[in-house]
Amino acid sequence: GDSVTQTEGQVALSEEDFLTIHCNYSASGYPTLFWYVQYPGEGPQLLFRASRDKEKGSSRGFEATYDKGTTSFHLRKASVQESDSAVYYCALRNSGTYQRFGTGTKLQVVP
Amino acid sequence: EAAVTQSPRNKVTVTGGNVTLSCRQTNSHNYMYWYRQDTGHGLRLIHYSYGAGNLQIGDVPDGYKATRTTQEDFFLLLELASPSQTSLYFCASSEYNNQAPLFGEGTRLSVL
């Protein structure tokens, strides 16, 4: 079945560091890919999505590019802030099915 | 403003107990979902529905029942709760299945 793999369970950075959170997927066809952010005490909320190969999604300084060749949708941000501390989820949805989420990556940014 | 409201926010029960988690959405969305969130597993779909009276199974439905009584209300039922069902439960809604769901704030359930 369709699945998403996030290899980093936790990431610790200092403010202004560059962020990369890896997301690889396994699915047939062209699934839609998503990134969500979850702050403490809240439900996940959509950051952005991408539906086609080479499409870039972006929001709040975060970005990811759909790469069908490497089946990846890595999340990047050039300069993180303490307020970016949260849990980040990669997800996919294939045609005719429901969304499936990765295991999440907890980002901690220290000032 | 779009909203998904869950109740209760916290619940403690004993093994074998009967628990009902409630969810109401005021978004006029067709789809509603129940997820559980566990460290190391992320979010996993239990059940979902695309309208009143409809129920579909997700990836981890065992031990759970659900019922969609109206377009607004979706309930998750644990009739014989077990400690393995201790988790953070999220309800979500979306107008169509290909849209990103809007999540509630979660219900933390502890089964002792």
# chains A, B, ... in the order shown; residues from 1 in each chain; ligands from 1
>>> residues_around(residues="Met32 in chain B", least_positions_apart="5", cutoff="12 Å", atoms="only C-alpha atoms", output="compact mmCIF listing (two decimals) with N, CA and C atoms, in the first residue's frame")
# COMPACT_ATOMS: atom_id res chain seq x y z
N TYR A 98 -7.54 7.64 0.84
CA TYR A 98 -7.48 8.72 1.82
C TYR A 98 -6.03 9.07 2.13
N VAL B 4 -13.77 22.56 13.94
CA VAL B 4 -14.00 21.17 14.31
C VAL B 4 -13.83 21.10 15.82
N THR B 5 -14.88 20.71 16.51
CA THR B 5 -14.87 20.72 17.97
C THR B 5 -14.99 19.31 18.51
N SER B 22 -16.74 12.49 20.86
CA SER B 22 -17.66 13.23 20.00
C SER B 22 -16.91 14.26 19.18
N CYS B 23 -17.45 14.51 18.01
CA CYS B 23 -16.87 15.49 17.10
C CYS B 23 -17.99 16.19 16.35
N ARG B 24 -17.92 17.52 16.31
CA ARG B 24 -18.88 18.31 15.55
C ARG B 24 -18.15 19.29 14.66
N GLN B 25 -18.56 19.36 13.40
CA GLN B 25 -17.98 20.34 12.49
C GLN B 25 -19.08 21.27 11.98
N THR B 26 -18.71 22.53 11.87
CA THR B 26 -19.67 23.56 11.42
C THR B 26 -19.26 24.11 10.06
N ASN B 27 -18.59 23.27 9.26
CA ASN B 27 -18.02 23.71 7.99
C ASN B 27 -18.84 23.28 6.79
N LEU B 45 -5.36 6.60 10.37
CA LEU B 45 -6.79 6.75 10.18
C LEU B 45 -7.53 5.54 10.72
N ILE B 46 -8.55 5.80 11.54
CA ILE B 46 -9.34 4.72 12.14
C ILE B 46 -10.59 4.47 11.29
N HIS B 47 -11.43 5.49 11.17
CA HIS B 47 -12.64 5.45 10.36
C HIS B 47 -12.85 6.81 9.71
N TYR B 48 -13.62 6.79 8.63
CA TYR B 48 -14.04 8.04 8.04
C TYR B 48 -15.43 7.87 7.43
N SER B 49 -16.01 9.01 7.07
CA SER B 49 -17.39 8.99 6.57
C SER B 49 -17.56 10.09 5.54
N TYR B 50 -18.35 9.83 4.51
CA TYR B 50 -18.62 10.88 3.53
C TYR B 50 -20.04 11.40 3.59
N GLY B 51 -20.74 11.08 4.66
CA GLY B 51 -22.07 11.65 4.82
C GLY B 51 -22.81 10.95 5.94
N ALA B 52 -23.92 11.52 6.34
CA ALA B 52 -24.73 10.94 7.41
C ALA B 52 -25.10 9.50 7.06
N GLY B 53 -24.89 8.60 8.02
CA GLY B 53 -25.20 7.20 7.83
C GLY B 53 -24.13 6.38 7.13
N ASN B 54 -23.10 7.06 6.60
CA ASN B 54 -22.03 6.34 5.89
C ASN B 54 -20.85 6.11 6.82
N LEU B 55 -20.18 4.97 6.67
CA LEU B 55 -18.99 4.67 7.45
C LEU B 55 -18.02 3.87 6.60
N GLN B 56 -16.75 4.29 6.63
CA GLN B 56 -15.69 3.59 5.91
C GLN B 56 -14.57 3.27 6.90
N ILE B 57 -13.88 2.16 6.67
CA ILE B 57 -12.78 1.81 7.56
C ILE B 57 -11.48 2.41 7.05
N GLY B 58 -10.61 2.72 8.00
CA GLY B 58 -9.29 3.23 7.67
C GLY B 58 -8.24 2.15 7.86
N ALA B 66 -17.70 3.51 14.78
CA ALA B 66 -17.96 4.93 14.56
C ALA B 66 -19.36 5.07 13.99
N THR B 67 -19.94 6.24 14.22
CA THR B 67 -21.25 6.50 13.67
C THR B 67 -21.37 7.97 13.28
N ARG B 68 -21.90 8.22 12.11
CA ARG B 68 -22.13 9.58 11.61
C ARG B 68 -23.63 9.80 11.61
N THR B 69 -24.09 10.54 12.60
CA THR B 69 -25.53 10.70 12.80
C THR B 69 -26.12 11.81 11.94
N THR B 70 -25.35 12.84 11.71
CA THR B 70 -25.76 13.99 10.88
C THR B 70 -24.55 14.42 10.07
N GLN B 71 -24.72 15.40 9.22
CA GLN B 71 -23.56 15.90 8.50
C GLN B 71 -22.54 16.50 9.46
N GLU B 72 -23.03 17.05 10.58
CA GLU B 72 -22.16 17.74 11.51
C GLU B 72 -21.48 16.84 12.52
N ASP B 73 -22.08 15.72 12.88
CA ASP B 73 -21.65 14.94 14.04
C ASP B 73 -21.12 13.57 13.69
N PHE B 74 -19.94 13.26 14.26
CA PHE B 74 -19.26 11.99 14.01
C PHE B 74 -18.73 11.50 15.35
N PHE B 75 -19.08 10.26 15.71
CA PHE B 75 -18.74 9.72 17.01
C PHE B 75 -17.81 8.52 16.87
N LEU B 76 -16.89 8.40 17.80
CA LEU B 76 -16.01 7.22 17.85
C LEU B 76 -16.32 6.47 19.13
N PHE B 90 -7.74 12.53 17.09
CA PHE B 90 -8.10 13.72 16.36
C PHE B 90 -9.27 13.43 15.42
N CYS B 91 -10.19 14.36 15.39
CA CYS B 91 -11.25 14.38 14.41
C CYS B 91 -10.89 15.44 13.37
N ALA B 92 -11.30 15.22 12.15
CA ALA B 92 -11.03 16.19 11.08
C ALA B 92 -12.17 16.16 10.08
N SER B 93 -12.26 17.22 9.29
CA SER B 93 -13.28 17.25 8.25
C SER B 93 -12.73 17.88 6.98
N SER B 94 -13.33 17.54 5.85
CA SER B 94 -12.98 18.17 4.58
C SER B 94 -14.20 18.11 3.67
N GLU B 95 -14.25 19.07 2.73
CA GLU B 95 -15.41 19.08 1.85
C GLU B 95 -15.35 17.91 0.87
N TYR B 96 -14.19 17.67 0.34
CA TYR B 96 -13.98 16.54 -0.57
C TYR B 96 -12.79 15.72 -0.08
N ASN B 97 -12.72 14.49 -0.56
CA ASN B 97 -11.69 13.58 -0.08
C ASN B 97 -10.30 14.00 -0.54
N GLN B 99 -9.11 16.99 -0.48
CA GLN B 99 -8.69 18.21 0.20
C GLN B 99 -7.99 17.89 1.52
N ALA B 100 -7.10 18.76 1.94
CA ALA B 100 -6.46 18.60 3.24
C ALA B 100 -7.51 18.78 4.33
N PRO B 101 -7.62 17.82 5.25
CA PRO B 101 -8.64 17.95 6.29
C PRO B 101 -8.30 19.03 7.30
N LEU B 102 -9.35 19.60 7.90
CA LEU B 102 -9.23 20.57 8.98
C LEU B 102 -9.38 19.80 10.28
N PHE B 103 -8.40 19.92 11.16
CA PHE B 103 -8.36 19.11 12.37
C PHE B 103 -8.93 19.84 13.57
N GLY B 104 -9.51 19.06 14.49
CA GLY B 104 -9.86 19.56 15.81
C GLY B 104 -8.63 19.59 16.71
>>> interface_residues(of="chain A", to="chain B", cutoff="9 Å", atoms="only C-alpha atoms", output="list of chain:residue names")
A:Gly9, A:Thr32, A:Phe34, A:Gly41, A:Glu42, A:Gly43, A:Pro44, A:Gln45, A:Leu46, A:Arg49, A:Tyr89, A:Arg93, A:Asn94, A:Ser95, A:Gly96, A:Thr97, A:Tyr98, A:Gln99, A:Arg100, A:Phe101, A:Gly102, A:Thr103, A:Gly104
>>> select_by_dssp(residues="range 4-111 of chain A", states="strand (DSSP E or B)", output="MDAnalysis selection string")
chainID A and resid 4:5 10:14 19:21 24:26 32:38 45:50 56:59 62:65 67 72 75:77 86:93 100:101 105:110
>>> closest_residue(among="A:Val37, A:Val80, A:Leu107, A:Val87", to="Glu15 in chain A", atoms="only C-alpha atoms")
A:Val80
>>> atom_distance(atom1="CA of Phe62 in chain A", atom2="CA of Ala27 in chain A")
24.0 Å
